[in-house]
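**Student:** Provided herewith: query.pdb, PDB, C-alpha atoms.
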```pdb
ATOM      1  CA  MET A   1      71.535 124.566 193.644
ATOM      2  CA  GLU A   2      71.059 121.506 191.474
ATOM      3  CA  ARG A   3      67.469 120.268 191.847
ATOM      4  CA  ARG A   4      67.378 117.378 194.285
ATOM      5  CA  ARG A   5      64.974 114.449 194.381
ATOM      6  CA  PHE A   6      63.372 113.423 197.633
ATOM      7  CA  LEU A   7      60.867 110.965 198.974
ATOM      8  CA  SER A   8      58.075 111.824 201.378
ATOM      9  CA  GLY A   9      56.481 109.361 203.710
ATOM     10  CA  SER A  10      57.715 106.872 206.247
ATOM     11  CA  ALA A  11      61.352 105.905 206.353
ATOM     12  CA  ALA A  12      62.619 102.632 207.731
ATOM     13  CA  LEU A  13      62.305 103.427 211.420
ATOM     14  CA  ALA A  14      64.874 102.111 213.836
ATOM     15  CA  ALA A  15      64.144 100.903 217.330
ATOM     16  CA  GLY A  16      65.064 103.129 220.239
ATOM     17  CA  PRO A  17      68.731 103.330 221.244
ATOM     18  CA  LEU A  18      70.289 100.937 223.736
ATOM     19  CA  TRP A  19      72.852 102.363 226.125
ATOM     20  CA  LEU A  20      75.785 100.005 226.475
ATOM     21  CA  GLY A  21      78.044 102.141 228.611
ATOM     22  CA  GLY A  22      81.481 103.591 227.948
ATOM     23  CA  PRO A  23      84.669 101.699 227.127
ATOM     24  CA  ALA A  24      85.934  99.387 229.819
ATOM     25  CA  ALA A  25      89.547  98.893 230.804
ATOM     26  CA  GLY A  26      91.334  96.763 228.234
ATOM     27  CA  GLN A  27      88.765  97.442 225.531
ATOM     28  CA  THR A  28      90.011  96.877 221.984
ATOM     29  CA  ALA A  29      89.380  98.968 218.882
ATOM     30  CA  GLN A  30      86.839  96.390 217.686
ATOM     31  CA  ASP A  31      84.713  96.380 220.848
ATOM     32  CA  LYS A  32      81.261  97.903 220.577
ATOM     33  CA  ILE A  33      80.561 100.959 222.721
ATOM     34  CA  TYR A  34      77.046 101.788 221.490
ATOM     35  CA  LEU A  35      74.631  99.609 219.513
ATOM     36  CA  HIS A  36      76.769  98.043 216.752
ATOM     37  CA  TYR A  37      79.375 100.840 216.723
ATOM     38  CA  THR A  38      83.019 100.630 217.684
ATOM     39  CA  ARG A  39      84.498 103.824 219.063
ATOM     40  CA  GLN A  40      85.899 104.850 215.673
ATOM     41  CA  GLU A  41      82.637 104.033 213.923
ATOM     42  CA  LEU A  42      80.672 106.128 216.388
ATOM     43  CA  ASP A  43      83.130 109.012 216.036
ATOM     44  CA  ASP A  44      82.729 108.790 212.265
ATOM     45  CA  ALA A  45      78.931 108.630 212.524
ATOM     46  CA  TYR A  46      78.918 112.053 214.206
ATOM     47  CA  SER A  47      81.532 113.627 211.923
ATOM     48  CA  ASP A  48      79.805 116.034 209.530
ATOM     49  CA  ALA A  49      82.888 116.464 207.354
ATOM     50  CA  LYS A  50      83.183 112.723 206.695
ATOM     51  CA  TRP A  51      79.655 112.530 205.267
ATOM     52  CA  ALA A  52      79.569 115.954 203.638
ATOM     53  CA  PRO A  53      82.944 116.528 201.948
ATOM     54  CA  ASN A  54      81.555 119.717 200.386
ATOM     55  CA  MET A  55      80.644 121.092 203.818
ATOM     56  CA  ARG A  56      82.898 124.158 203.648
ATOM     57  CA  GLN A  57      81.682 125.159 200.195
ATOM     58  CA  LEU A  58      78.041 124.721 201.214
ATOM     59  CA  LEU A  59      78.432 126.761 204.384
ATOM     60  CA  ALA A  60      80.285 129.493 202.499
ATOM     61  CA  GLY A  61      77.566 129.607 199.848
ATOM     62  CA  GLN A  62      74.805 129.768 202.437
ATOM     63  CA  ALA A  63      76.611 132.531 204.333
ATOM     64  CA  ALA A  64      77.034 134.509 201.108
ATOM     65  CA  ALA A  65      73.353 134.056 200.207
ATOM     66  CA  SER A  66      72.397 135.224 203.688
ATOM     67  CA  ALA A  67      74.622 138.296 203.413
ATOM     68  CA  ARG A  68      73.082 139.219 200.058
ATOM     69  CA  LEU A  69      69.578 138.889 201.463
ATOM     70  CA  ARG A  70      70.400 140.948 204.544
ATOM     71  CA  ALA A  71      71.824 143.695 202.333
ATOM     72  CA  ARG A  72      68.712 143.713 200.175
ATOM     73  CA  LEU A  73      66.094 143.134 202.896
ATOM     74  CA  PRO A  74      67.571 143.974 206.298
ATOM     75  CA  PRO A  75      65.754 142.276 209.164
ATOM     76  CA  ARG A  76      64.443 144.027 212.211
ATOM     77  CA  THR A  77      66.750 143.021 215.055
ATOM     78  CA  THR A  78      65.522 143.239 218.619
ATOM     79  CA  GLY A  79      66.615 141.925 221.992
ATOM     80  CA  TYR A  80      64.756 139.329 224.012
ATOM     81  CA  GLY A  81      67.099 139.557 226.997
ATOM     82  CA  ALA A  82      69.856 141.596 228.588
ATOM     83  CA  ALA A  83      72.891 139.701 227.221
ATOM     84  CA  SER A  84      74.486 140.929 224.001
ATOM     85  CA  ARG A  85      73.778 137.675 222.131
ATOM     86  CA  GLU A  86      70.133 137.565 223.194
ATOM     87  CA  GLN A  87      68.696 138.974 219.993
ATOM     88  CA  LEU A  88      66.194 138.037 217.301
ATOM     89  CA  ASP A  89      66.270 138.761 213.573
ATOM     90  CA  ILE A  90      62.727 139.271 212.292
ATOM     91  CA  PHE A  91      62.049 139.061 208.565
ATOM     92  CA  ALA A  92      58.497 140.101 207.711
ATOM     93  CA  PRO A  93      56.683 140.355 204.373
ATOM     94  CA  PRO A  94      56.052 143.873 203.053
ATOM     95  CA  GLY A  95      52.928 145.607 204.243
ATOM     96  CA  THR A  96      51.260 146.006 207.599
ATOM     97  CA  ALA A  97      49.018 142.944 207.691
ATOM     98  CA  ALA A  98      48.374 141.410 211.092
ATOM     99  CA  GLY A  99      47.724 137.856 212.201
ATOM    100  CA  ARG A 100      50.616 136.281 210.308
ATOM    101  CA  ALA A 101      52.152 132.919 211.150
ATOM    102  CA  ALA A 102      55.808 132.915 212.221
ATOM    103  CA  MET A 103      58.550 130.317 211.821
ATOM    104  CA  ILE A 104      61.150 130.627 214.584
ATOM    105  CA  PHE A 105      64.184 128.849 213.121
ATOM    106  CA  ILE A 106      67.112 127.833 215.346
ATOM    107  CA  HIS A 107      70.514 127.628 213.653
ATOM    108  CA  GLY A 108      72.820 124.646 214.013
ATOM    109  CA  GLY A 109      76.571 124.427 214.429
ATOM    110  CA  ASN A 110      77.378 121.587 216.850
ATOM    111  CA  TRP A 111      76.342 123.877 219.749
ATOM    112  CA  ARG A 112      79.639 125.729 219.098
ATOM    113  CA  PHE A 113      79.335 127.550 215.783
ATOM    114  CA  GLY A 114      76.787 129.240 213.564
ATOM    115  CA  SER A 115      74.723 132.358 214.120
ATOM    116  CA  LYS A 116      71.320 133.788 213.336
ATOM    117  CA  GLU A 117      72.857 135.575 210.364
ATOM    118  CA  THR A 118      73.834 132.326 208.655
ATOM    119  CA  VAL A 119      70.221 131.138 208.268
ATOM    120  CA  SER A 120      68.891 134.409 206.849
ATOM    121  CA  PHE A 121      68.829 132.886 203.342
ATOM    122  CA  LEU A 122      65.922 130.677 204.464
ATOM    123  CA  ALA A 123      63.632 133.660 205.110
ATOM    124  CA  PRO A 124      62.174 134.107 201.569
ATOM    125  CA  ALA A 125      60.767 130.571 201.610
ATOM    126  CA  PHE A 126      58.361 131.962 204.209
ATOM    127  CA  THR A 127      58.164 135.739 203.737
ATOM    128  CA  GLU A 128      57.322 135.436 200.035
ATOM    129  CA  HIS A 129      54.237 133.519 201.133
ATOM    130  CA  GLY A 130      53.012 136.037 203.691
ATOM    131  CA  MET A 131      54.718 134.514 206.738
ATOM    132  CA  VAL A 132      57.265 135.887 209.202
ATOM    133  CA  PHE A 133      60.688 134.281 209.627
ATOM    134  CA  ILE A 134      62.512 134.747 212.939
ATOM    135  CA  ALA A 135      66.068 133.642 213.763
ATOM    136  CA  PRO A 136      67.034 133.750 217.446
ATOM    137  CA  GLU A 137      70.613 134.151 218.608
ATOM    138  CA  PHE A 138      72.136 132.594 221.713
ATOM    139  CA  ALA A 139      75.599 132.147 223.160
ATOM    140  CA  SER A 140      77.413 128.950 222.174
ATOM    141  CA  ILE A 141      80.023 126.755 223.845
ATOM    142  CA  PRO A 142      82.543 127.629 225.305
ATOM    143  CA  ASP A 143      80.780 130.834 226.394
ATOM    144  CA  ASN A 144      77.639 128.916 227.277
ATOM    145  CA  THR A 145      76.406 125.456 228.217
ATOM    146  CA  LEU A 146      73.760 123.321 226.562
ATOM    147  CA  PRO A 147      71.304 123.995 229.424
ATOM    148  CA  GLY A 148      72.046 127.690 228.964
ATOM    149  CA  MET A 149      71.290 127.510 225.228
ATOM    150  CA  VAL A 150      67.984 125.752 225.906
ATOM    151  CA  ASP A 151      67.085 128.455 228.410
ATOM    152  CA  GLN A 152      67.923 131.248 225.958
ATOM    153  CA  CYS A 153      65.881 129.656 223.167
ATOM    154  CA  ARG A 154      62.923 129.220 225.510
ATOM    155  CA  ARG A 155      63.126 132.852 226.565
ATOM    156  CA  ALA A 156      63.401 133.964 222.938
ATOM    157  CA  ILE A 157      60.222 132.062 222.033
ATOM    158  CA  ALA A 158      58.348 133.231 225.114
ATOM    159  CA  TRP A 159      59.365 136.832 224.310
ATOM    160  CA  THR A 160      58.086 136.375 220.776
ATOM    161  CA  GLY A 161      54.763 135.113 222.086
ATOM    162  CA  ARG A 162      54.364 138.123 224.370
ATOM    163  CA  HIS A 163      55.332 140.685 221.708
ATOM    164  CA  ALA A 164      54.016 138.981 218.574
ATOM    165  CA  ALA A 165      51.362 141.564 217.763
ATOM    166  CA  GLN A 166      54.025 144.301 217.514
ATOM    167  CA  PHE A 167      55.412 142.521 214.434
ATOM    168  CA  GLY A 168      52.123 141.593 212.781
ATOM    169  CA  ILE A 169      52.305 138.042 214.153
ATOM    170  CA  ASP A 170      49.382 136.111 215.562
ATOM    171  CA  PRO A 171      50.631 134.783 218.944
ATOM    172  CA  ALA A 172      48.481 131.701 218.338
ATOM    173  CA  ARG A 173      50.425 130.905 215.137
ATOM    174  CA  LEU A 174      53.993 130.334 216.335
ATOM    175  CA  TYR A 175      56.044 127.460 214.883
ATOM    176  CA  VAL A 176      59.575 126.332 215.624
ATOM    177  CA  GLY A 177      62.179 124.788 213.345
ATOM    178  CA  GLY A 178      65.847 123.963 213.450
ATOM    179  CA  HIS A 179      68.691 122.149 211.728
ATOM    180  CA  SER A 180      71.260 119.747 213.199
ATOM    181  CA  ALA A 181      72.113 120.961 216.720
ATOM    182  CA  GLY A 182      69.410 123.569 216.111
ATOM    183  CA  GLY A 183      67.076 120.682 215.331
ATOM    184  CA  HIS A 184      67.865 119.296 218.771
ATOM    185  CA  LEU A 185      67.115 122.684 220.326
ATOM    186  CA  ALA A 186      63.866 122.910 218.329
ATOM    187  CA  ALA A 187      62.855 119.486 219.656
ATOM    188  CA  MET A 188      63.607 120.724 223.160
ATOM    189  CA  MET A 189      61.293 123.677 222.534
ATOM    190  CA  LEU A 190      58.542 121.318 221.360
ATOM    191  CA  THR A 191      58.842 119.304 224.573
ATOM    192  CA  THR A 192      58.883 122.369 226.850
ATOM    193  CA  ASP A 193      56.310 122.741 229.626
ATOM    194  CA  TRP A 194      55.425 126.289 228.612
ATOM    195  CA  PRO A 195      53.162 127.141 231.595
ATOM    196  CA  ARG A 196      56.345 126.992 233.698
ATOM    197  CA  PHE A 197      57.468 130.016 231.682
ATOM    198  CA  GLY A 198      54.172 131.859 231.968
ATOM    199  CA  MET A 199      52.968 130.852 228.503
ATOM    200  CA  PRO A 200      50.047 128.700 227.305
ATOM    201  CA  PRO A 201      50.764 124.970 226.986
ATOM    202  CA  ASP A 202      50.073 125.095 223.241
ATOM    203  CA  LEU A 203      52.321 128.105 222.619
ATOM    204  CA  LEU A 204      53.887 126.305 219.649
ATOM    205  CA  LYS A 205      51.500 125.063 216.988
ATOM    206  CA  GLY A 206      53.959 122.925 215.024
ATOM    207  CA  GLY A 207      57.566 122.015 214.393
ATOM    208  CA  LEU A 208      60.098 121.381 211.624
ATOM    209  CA  VAL A 209      63.170 119.314 212.584
ATOM    210  CA  LEU A 210      65.845 118.979 209.880
ATOM    211  CA  SER A 211      68.650 116.448 210.416
ATOM    212  CA  GLY A 212      68.156 116.878 214.129
ATOM    213  CA  LEU A 213      69.077 114.912 217.231
ATOM    214  CA  CYS A 214      66.763 113.647 219.940
ATOM    215  CA  ASP A 215      68.973 111.400 222.100
ATOM    216  CA  LEU A 216      72.238 112.682 223.560
ATOM    217  CA  GLU A 217      73.472 109.380 225.035
ATOM    218  CA  PRO A 218      75.473 108.364 221.926
ATOM    219  CA  VAL A 219      76.229 111.975 221.015
ATOM    220  CA  VAL A 220      78.373 112.595 224.091
ATOM    221  CA  LEU A 221      80.357 109.400 223.447
ATOM    222  CA  ALA A 222      81.634 110.683 220.102
ATOM    223  CA  ALA A 223      85.008 112.420 220.232
ATOM    224  CA  GLY A 224      83.722 115.461 218.328
ATOM    225  CA  ASN A 225      81.093 116.220 220.965
ATOM    226  CA  ARG A 226      83.083 116.111 224.186
ATOM    227  CA  HIS A 227      82.683 119.864 224.507
ATOM    228  CA  LEU A 228      79.105 119.263 225.708
ATOM    229  CA  GLN A 229      80.356 118.061 229.108
ATOM    230  CA  LEU A 230      76.944 116.883 230.289
ATOM    231  CA  THR A 231      76.251 115.041 233.513
ATOM    232  CA  PRO A 232      74.326 111.748 233.265
ATOM    233  CA  GLN A 233      71.231 113.556 234.549
ATOM    234  CA  GLU A 234      71.600 116.298 231.917
ATOM    235  CA  ARG A 235      71.987 113.713 229.141
ATOM    236  CA  THR A 236      68.508 112.485 230.007
ATOM    237  CA  GLU A 237      66.946 115.863 230.794
ATOM    238  CA  PHE A 238      68.119 117.386 227.516
ATOM    239  CA  SER A 239      67.301 114.382 225.337
ATOM    240  CA  PRO A 240      63.860 115.208 223.915
ATOM    241  CA  VAL A 241      63.285 111.568 222.919
ATOM    242  CA  HIS A 242      62.052 110.957 226.471
ATOM    243  CA  LYS A 243      59.310 113.590 226.115
ATOM    244  CA  LEU A 244      58.316 113.419 222.449
ATOM    245  CA  ARG A 245      55.147 111.489 223.299
ATOM    246  CA  ASP A 246      53.920 114.596 225.116
ATOM    247  CA  VAL A 247      54.425 117.009 222.210
ATOM    248  CA  PRO A 248      51.070 118.819 221.777
ATOM    249  CA  CYS A 249      51.422 119.801 218.099
ATOM    250  CA  PRO A 250      52.217 118.287 214.676
ATOM    251  CA  VAL A 251      55.869 117.979 213.668
ATOM    252  CA  ILE A 252      57.632 117.430 210.332
ATOM    253  CA  VAL A 253      60.868 115.418 210.561
ATOM    254  CA  ALA A 254      63.322 115.384 207.661
ATOM    255  CA  TRP A 255      66.812 114.189 206.900
ATOM    256  CA  GLY A 256      68.927 113.467 203.848
ATOM    257  CA  SER A 257      69.921 110.089 202.460
ATOM    258  CA  GLY A 258      73.457 111.515 202.576
ATOM    259  CA  ASP A 259      73.265 112.245 206.306
ATOM    260  CA  SER A 260      75.494 110.128 208.549
ATOM    261  CA  PRO A 261      74.095 106.817 209.866
ATOM    262  CA  GLU A 262      73.458 108.347 213.291
ATOM    263  CA  PHE A 263      71.645 111.419 212.011
ATOM    264  CA  ARG A 264      69.484 109.117 209.904
ATOM    265  CA  ARG A 265      68.836 106.802 212.847
ATOM    266  CA  GLN A 266      68.049 109.647 215.220
ATOM    267  CA  GLY A 267      65.629 111.137 212.702
ATOM    268  CA  SER A 268      63.967 107.749 212.358
ATOM    269  CA  VAL A 269      63.626 107.383 216.125
ATOM    270  CA  MET A 270      62.123 110.859 216.370
ATOM    271  CA  ALA A 271      59.648 110.198 213.572
ATOM    272  CA  SER A 272      58.677 106.813 214.980
ATOM    273  CA  THR A 273      58.059 108.209 218.457
ATOM    274  CA  LEU A 274      56.003 111.106 217.127
ATOM    275  CA  ARG A 275      53.996 108.749 214.929
ATOM    276  CA  THR A 276      53.150 106.604 217.952
ATOM    277  CA  ALA A 277      51.967 109.757 219.746
ATOM    278  CA  GLY A 278      49.879 110.823 216.746
ATOM    279  CA  ARG A 279      51.970 113.973 216.256
ATOM    280  CA  LEU A 280      53.944 113.193 213.107
ATOM    281  CA  ALA A 281      52.898 115.589 210.336
ATOM    282  CA  GLY A 282      55.265 114.060 207.797
ATOM    283  CA  THR A 283      58.609 112.351 207.275
ATOM    284  CA  PHE A 284      60.856 113.511 204.435
ATOM    285  CA  VAL A 285      63.902 111.526 203.364
ATOM    286  CA  LEU A 286      65.650 113.679 200.760
ATOM    287  CA  GLN A 287      67.494 111.559 198.235
ATOM    288  CA  ASP A 288      71.072 112.499 197.294
ATOM    289  CA  VAL A 289      71.052 115.286 199.885
ATOM    290  CA  ASN A 290      73.607 115.548 202.681
ATOM    291  CA  HIS A 291      73.542 117.154 206.104
ATOM    292  CA  PHE A 292      74.010 120.719 204.858
ATOM    293  CA  GLU A 293      72.287 120.505 201.487
ATOM    294  CA  ILE A 294      68.964 119.962 203.260
ATOM    295  CA  LEU A 295      68.965 123.683 204.102
ATOM    296  CA  ASP A 296      69.249 124.520 200.402
ATOM    297  CA  VAL A 297      66.228 122.318 199.750
ATOM    298  CA  LEU A 298      64.212 124.270 202.334
ATOM    299  CA  ALA A 299      65.481 127.566 200.888
ATOM    300  CA  ALA A 300      64.163 126.543 197.466
ATOM    301  CA  GLY A 301      60.672 127.822 198.078
ATOM    302  CA  ASP A 302      59.163 125.505 195.450
ATOM    303  CA  SER A 303      60.500 122.307 197.071
ATOM    304  CA  HIS A 304      58.066 119.839 198.594
ATOM    305  CA  LEU A 305      59.795 120.281 201.942
ATOM    306  CA  ALA A 306      59.231 124.052 201.944
ATOM    307  CA  ALA A 307      55.652 123.597 200.765
ATOM    308  CA  ALA A 308      54.987 121.109 203.556
ATOM    309  CA  ALA A 309      56.399 123.485 206.148
ATOM    310  CA  ARG A 310      54.169 126.301 204.926
ATOM    311  CA  ALA A 311      51.127 124.009 204.769
ATOM    312  CA  LEU A 312      51.752 123.151 208.419
ATOM    313  CA  MET A 313      51.618 126.873 209.207
ATOM    314  CA  ARG A 314      48.353 127.621 207.415
TER     315      ARG A 314
END
```
Write the structure described by the file as structure tokens, please.
**Tutor:**
Amino acid sequence: MERRRFLSGSAALAAGPLWLGGPAAGQTAQDKIYLHYTRQELDDAYSDAKWAPNMRQLLAGQAAASARLRARLPPRTTGYGAASREQLDIFAPPGTAAGRAAMIFIHGGNWRFGSKETVSFLAPAFTEHGMVFIAPEFASIPDNTLPGMVDQCRRAIAWTGRHAAQFGIDPARLYVGGHSAGGHLAAMMLTTDWPRFGMPPDLLKGGLVLSGLCDLEPVVLAAGNRHLQLTPQERTEFSPVHKLRDVPCPVIVAWGSGDSPEFRRQGSVMASTLRTAGRLAGTFVLQDVNHFEILDVLAAGDSHLAAAARALMR
């Protein structure tokens, strides 16, 4: 990939979102339905293809890079539950060393697409530095619901904590990351009350959220996200913005200058809330990078973003 520039540090942080309700009877195309957005503007702000015209090429390239890596360095795949999709890919460095840190990275895909296989190309950014990279799988919509995905990811992480030593992982050195919808799921993991799942409250020692979402109120208003079909209570329960102040570990938040206005705003809200709580480990705004190119920046092991993620894990 062409070398990208990026800035580290604080971005211009937006205020928290204001819920204005759905469209009323007789509403015109110019009426605002959320913040300053008309319906079309909000639909556009959550349309990946509009802001990343090279989306298909990027996804194809990342899938091909993942396939090449899997052919050369096959992961160890194991189940964390009884369902066929409840599996983990575990990429470990060579050797039998114990006590390694592990990045558990949750794939994106609008809660409908993607798979653990498609993020395999990220593994060397960690394994070549003595760390373990784990990609959990889960069922997506329409075969699942968002609450079901959150439950599967929680069980995958809890399983990893219980069985970490079998894979040379220190159970006290687990980190979670994710991109896009996977960034939302990663944020949900960071706000999880782990003792409810039989795990220590500080099960996760840090997080990495790339172009992620923390507030589902505007998300469900956009035409491209109607498949979520969340109740008003679920919109709140599964919006990590309401619990970010309780996150017990440091978190890196990153997005691209080429992300859509809403992904940039949501990243800013997440970073601002974590900063207030004293849990923001760093904010990266990657210049001239769009929603999907940010994964290529992480995959480039010598990028500042990758270095910051590894520093968080040391």
**Student:** Using all atoms listed in the file, which of the listed residues (A:Ile90, A:Gln229, A:Gly177, A:Arg279) sits closest to Ile141 in chain A?
**Tutor:**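 For Ile141 in chain A, the nearest of the given residues is A:Gln229.
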**Student:** Determine the residue set returned by the PyMOL selection byres ((chain A and resi 175) around 9) for the present structure, and present it as a list of chain:residue names.
**Tutor:**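 Applied to this file, the PyMOL selection byres ((chain A and resi 175) around 9) selects A:Ala101, A:Ala102, A:Met103, A:Ile104, A:Phe105, A:Arg173, A:Leu174, A:Val176, A:Gly177, A:Leu203, A:Leu204, A:Lys205, A:Gly206, A:Gly207, A:Leu208, A:Leu312, A:Met313.
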**Student:** Using the chain letters and numbers from the file, which residues does the PyMOL selection byres ((chain A and resi 270) around 8) grab, as JSON, numbers by chain?
**Tutor:** {"A": [214, 241, 244, 253, 266, 267, 268, 269, 271, 272, 273, 274]}
**Student:** Give as a VMD selection string each residue that has an atom at most 6 Å from (80.0, 111.8, 215.9) in the file, counting all atoms listed in the file.
**Tutor:** chain A and resid 42 to 47 222 224
**Student:** To one decimal place, how far is CA of Ile252 in chain A from CA of Arg70 in chain A in Å?
**Tutor:**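 Distance between the two atoms: 27.4 Å.
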**Student:** Could you list, as an MDAnalysis selection string, every residue matched by the PyMOL selection byres ((chain A and resi 285) around 6) in this structure?
**Tutor:** chainID A and resid 7 254:256 284 286
**Student:** For Gly258 in chain A, please output as a PDB file with C-alpha atoms, keeping the file's coordinate frame all residues within 10 Å (counting only C-alpha atoms; exclusion window: fewer than 3 positions along the same chain).
**Tutor:**
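Result went into part.pdb, see below:
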```pdb
ATOM      1  CA  TRP A  51      79.655 112.530 205.267  1.00  0.00           C
ATOM      2  CA  ALA A  52      79.569 115.954 203.638  1.00  0.00           C
ATOM      3  CA  TRP A 255      66.812 114.189 206.900  1.00  0.00           C
ATOM      4  CA  PRO A 261      74.095 106.817 209.866  1.00  0.00           C
ATOM      5  CA  PHE A 263      71.645 111.419 212.011  1.00  0.00           C
ATOM      6  CA  ARG A 264      69.484 109.117 209.904  1.00  0.00           C
ATOM      7  CA  VAL A 285      63.902 111.526 203.364  1.00  0.00           C
ATOM      8  CA  LEU A 286      65.650 113.679 200.760  1.00  0.00           C
ATOM      9  CA  GLN A 287      67.494 111.559 198.235  1.00  0.00           C
ATOM     10  CA  ASP A 288      71.072 112.499 197.294  1.00  0.00           C
ATOM     11  CA  VAL A 289      71.052 115.286 199.885  1.00  0.00           C
ATOM     12  CA  ASN A 290      73.607 115.548 202.681  1.00  0.00           C
ATOM     13  CA  HIS A 291      73.542 117.154 206.104  1.00  0.00           C
ATOM     14  CA  PHE A 292      74.010 120.719 204.858  1.00  0.00           C
ATOM     15  CA  GLU A 293      72.287 120.505 201.487  1.00  0.00           C
ATOM     16  CA  ILE A 294      68.964 119.962 203.260  1.00  0.00           C
TER      17      ILE A 294
END
```
**Student:** Residues at most 10 Å from Ala164 in chain A, counting all atoms listed in the file, excluding those fewer than 5 positions away in the same chain, as a list in words?
**Tutor:**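 Contacts, with the query itself left out: Ala98, Gly99, Arg100, Ala101, Ala102, Ile157, Ala158, Trp159, Ile169, Asp170, Pro171, Ala172, Arg173 and Leu174 of chain A.
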**Student:** May I ask which of the residues A:Glu117, A:Glu41, A:Asp246, A:Glu137 is the closest one to Glu86 in chain A, counting all atoms listed in the file?
**Tutor:** A:Glu137
**Student:** In Å to one decimal, how far is CA of Arg155 in chain A from CA of Thr192 in chain A?
**Tutor:**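 Between CA of Thr192 in chain A and CA of Arg155 in chain A the gap works out to 11.3 Å.
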**Student:** Which one is closest to Ser115 in chain A: A:His184, A:Arg85, A:Lys243, A:Arg265? Count all atoms listed in the file.
**Tutor:** A:Arg85
**Student:** Taking the partial coordinates given, rebuild range 101-114 of chain A to contain N, CA, C and O atoms; return it as an mmCIF file, in the coordinates of the input.
**Tutor:**
```cif
data_model
loop_
_atom_site.group_PDB
_atom_site.id
_atom_site.type_symbol
_atom_site.label_atom_id
_atom_site.label_comp_id
_atom_site.auth_asym_id
_atom_site.auth_seq_id
_atom_site.Cartn_x
_atom_site.Cartn_y
_atom_site.Cartn_z
ATOM 1 N N ALA A 101 51.448 134.031 210.503
ATOM 2 C CA ALA A 101 52.152 132.919 211.150
ATOM 3 C C ALA A 101 53.651 133.211 211.142
ATOM 4 O O ALA A 101 54.155 133.913 210.259
ATOM 5 N N ALA A 102 54.368 132.676 212.128
ATOM 6 C CA ALA A 102 55.808 132.915 212.221
ATOM 7 C C ALA A 102 56.552 131.605 212.417
ATOM 8 O O ALA A 102 56.172 130.786 213.262
ATOM 9 N N MET A 103 57.623 131.424 211.633
ATOM 10 C CA MET A 103 58.550 130.317 211.821
ATOM 11 C C MET A 103 59.759 130.830 212.588
ATOM 12 O O MET A 103 60.469 131.733 212.126
ATOM 13 N N ILE A 104 59.986 130.286 213.765
ATOM 14 C CA ILE A 104 61.150 130.627 214.584
ATOM 15 C C ILE A 104 62.181 129.541 214.335
ATOM 16 O O ILE A 104 62.028 128.402 214.782
ATOM 17 N N PHE A 105 63.238 129.868 213.589
ATOM 18 C CA PHE A 105 64.184 128.849 213.121
ATOM 19 C C PHE A 105 65.507 128.970 213.877
ATOM 20 O O PHE A 105 66.154 130.017 213.862
ATOM 21 N N ILE A 106 65.916 127.862 214.501
ATOM 22 C CA ILE A 106 67.112 127.833 215.346
ATOM 23 C C ILE A 106 68.290 127.272 214.551
ATOM 24 O O ILE A 106 68.231 126.148 214.043
ATOM 25 N N HIS A 107 69.352 128.050 214.445
ATOM 26 C CA HIS A 107 70.514 127.628 213.653
ATOM 27 C C HIS A 107 71.263 126.484 214.329
ATOM 28 O O HIS A 107 71.208 126.291 215.539
ATOM 29 N N GLY A 108 71.975 125.722 213.507
ATOM 30 C CA GLY A 108 72.820 124.646 214.013
ATOM 31 C C GLY A 108 74.254 125.104 214.162
ATOM 32 O O GLY A 108 74.555 126.294 214.179
ATOM 33 N N GLY A 109 75.160 124.103 214.266
ATOM 34 C CA GLY A 109 76.571 124.427 214.429
ATOM 35 C C GLY A 109 77.238 123.656 215.548
ATOM 36 O O GLY A 109 78.186 124.160 216.165
ATOM 37 N N ASN A 110 76.740 122.438 215.843
ATOM 38 C CA ASN A 110 77.378 121.587 216.850
ATOM 39 C C ASN A 110 77.393 122.239 218.224
ATOM 40 O O ASN A 110 78.256 121.970 219.034
ATOM 41 N N TRP A 111 76.448 123.141 218.482
ATOM 42 C CA TRP A 111 76.342 123.877 219.749
ATOM 43 C C TRP A 111 77.587 124.751 219.997
ATOM 44 O O TRP A 111 77.781 125.273 221.080
ATOM 45 N N ARG A 112 78.416 124.922 218.968
ATOM 46 C CA ARG A 112 79.639 125.729 219.098
ATOM 47 C C ARG A 112 79.734 126.836 218.062
ATOM 48 O O ARG A 112 80.396 127.854 218.306
ATOM 49 N N PHE A 113 79.144 126.630 216.899
ATOM 50 C CA PHE A 113 79.335 127.550 215.783
ATOM 51 C C PHE A 113 77.983 128.050 215.287
ATOM 52 O O PHE A 113 76.952 127.802 215.881
ATOM 53 N N GLY A 114 78.015 128.750 214.166
ATOM 54 C CA GLY A 114 76.787 129.240 213.564
ATOM 55 C C GLY A 114 76.282 130.507 214.234
ATOM 56 O O GLY A 114 76.750 130.913 215.309
#
```
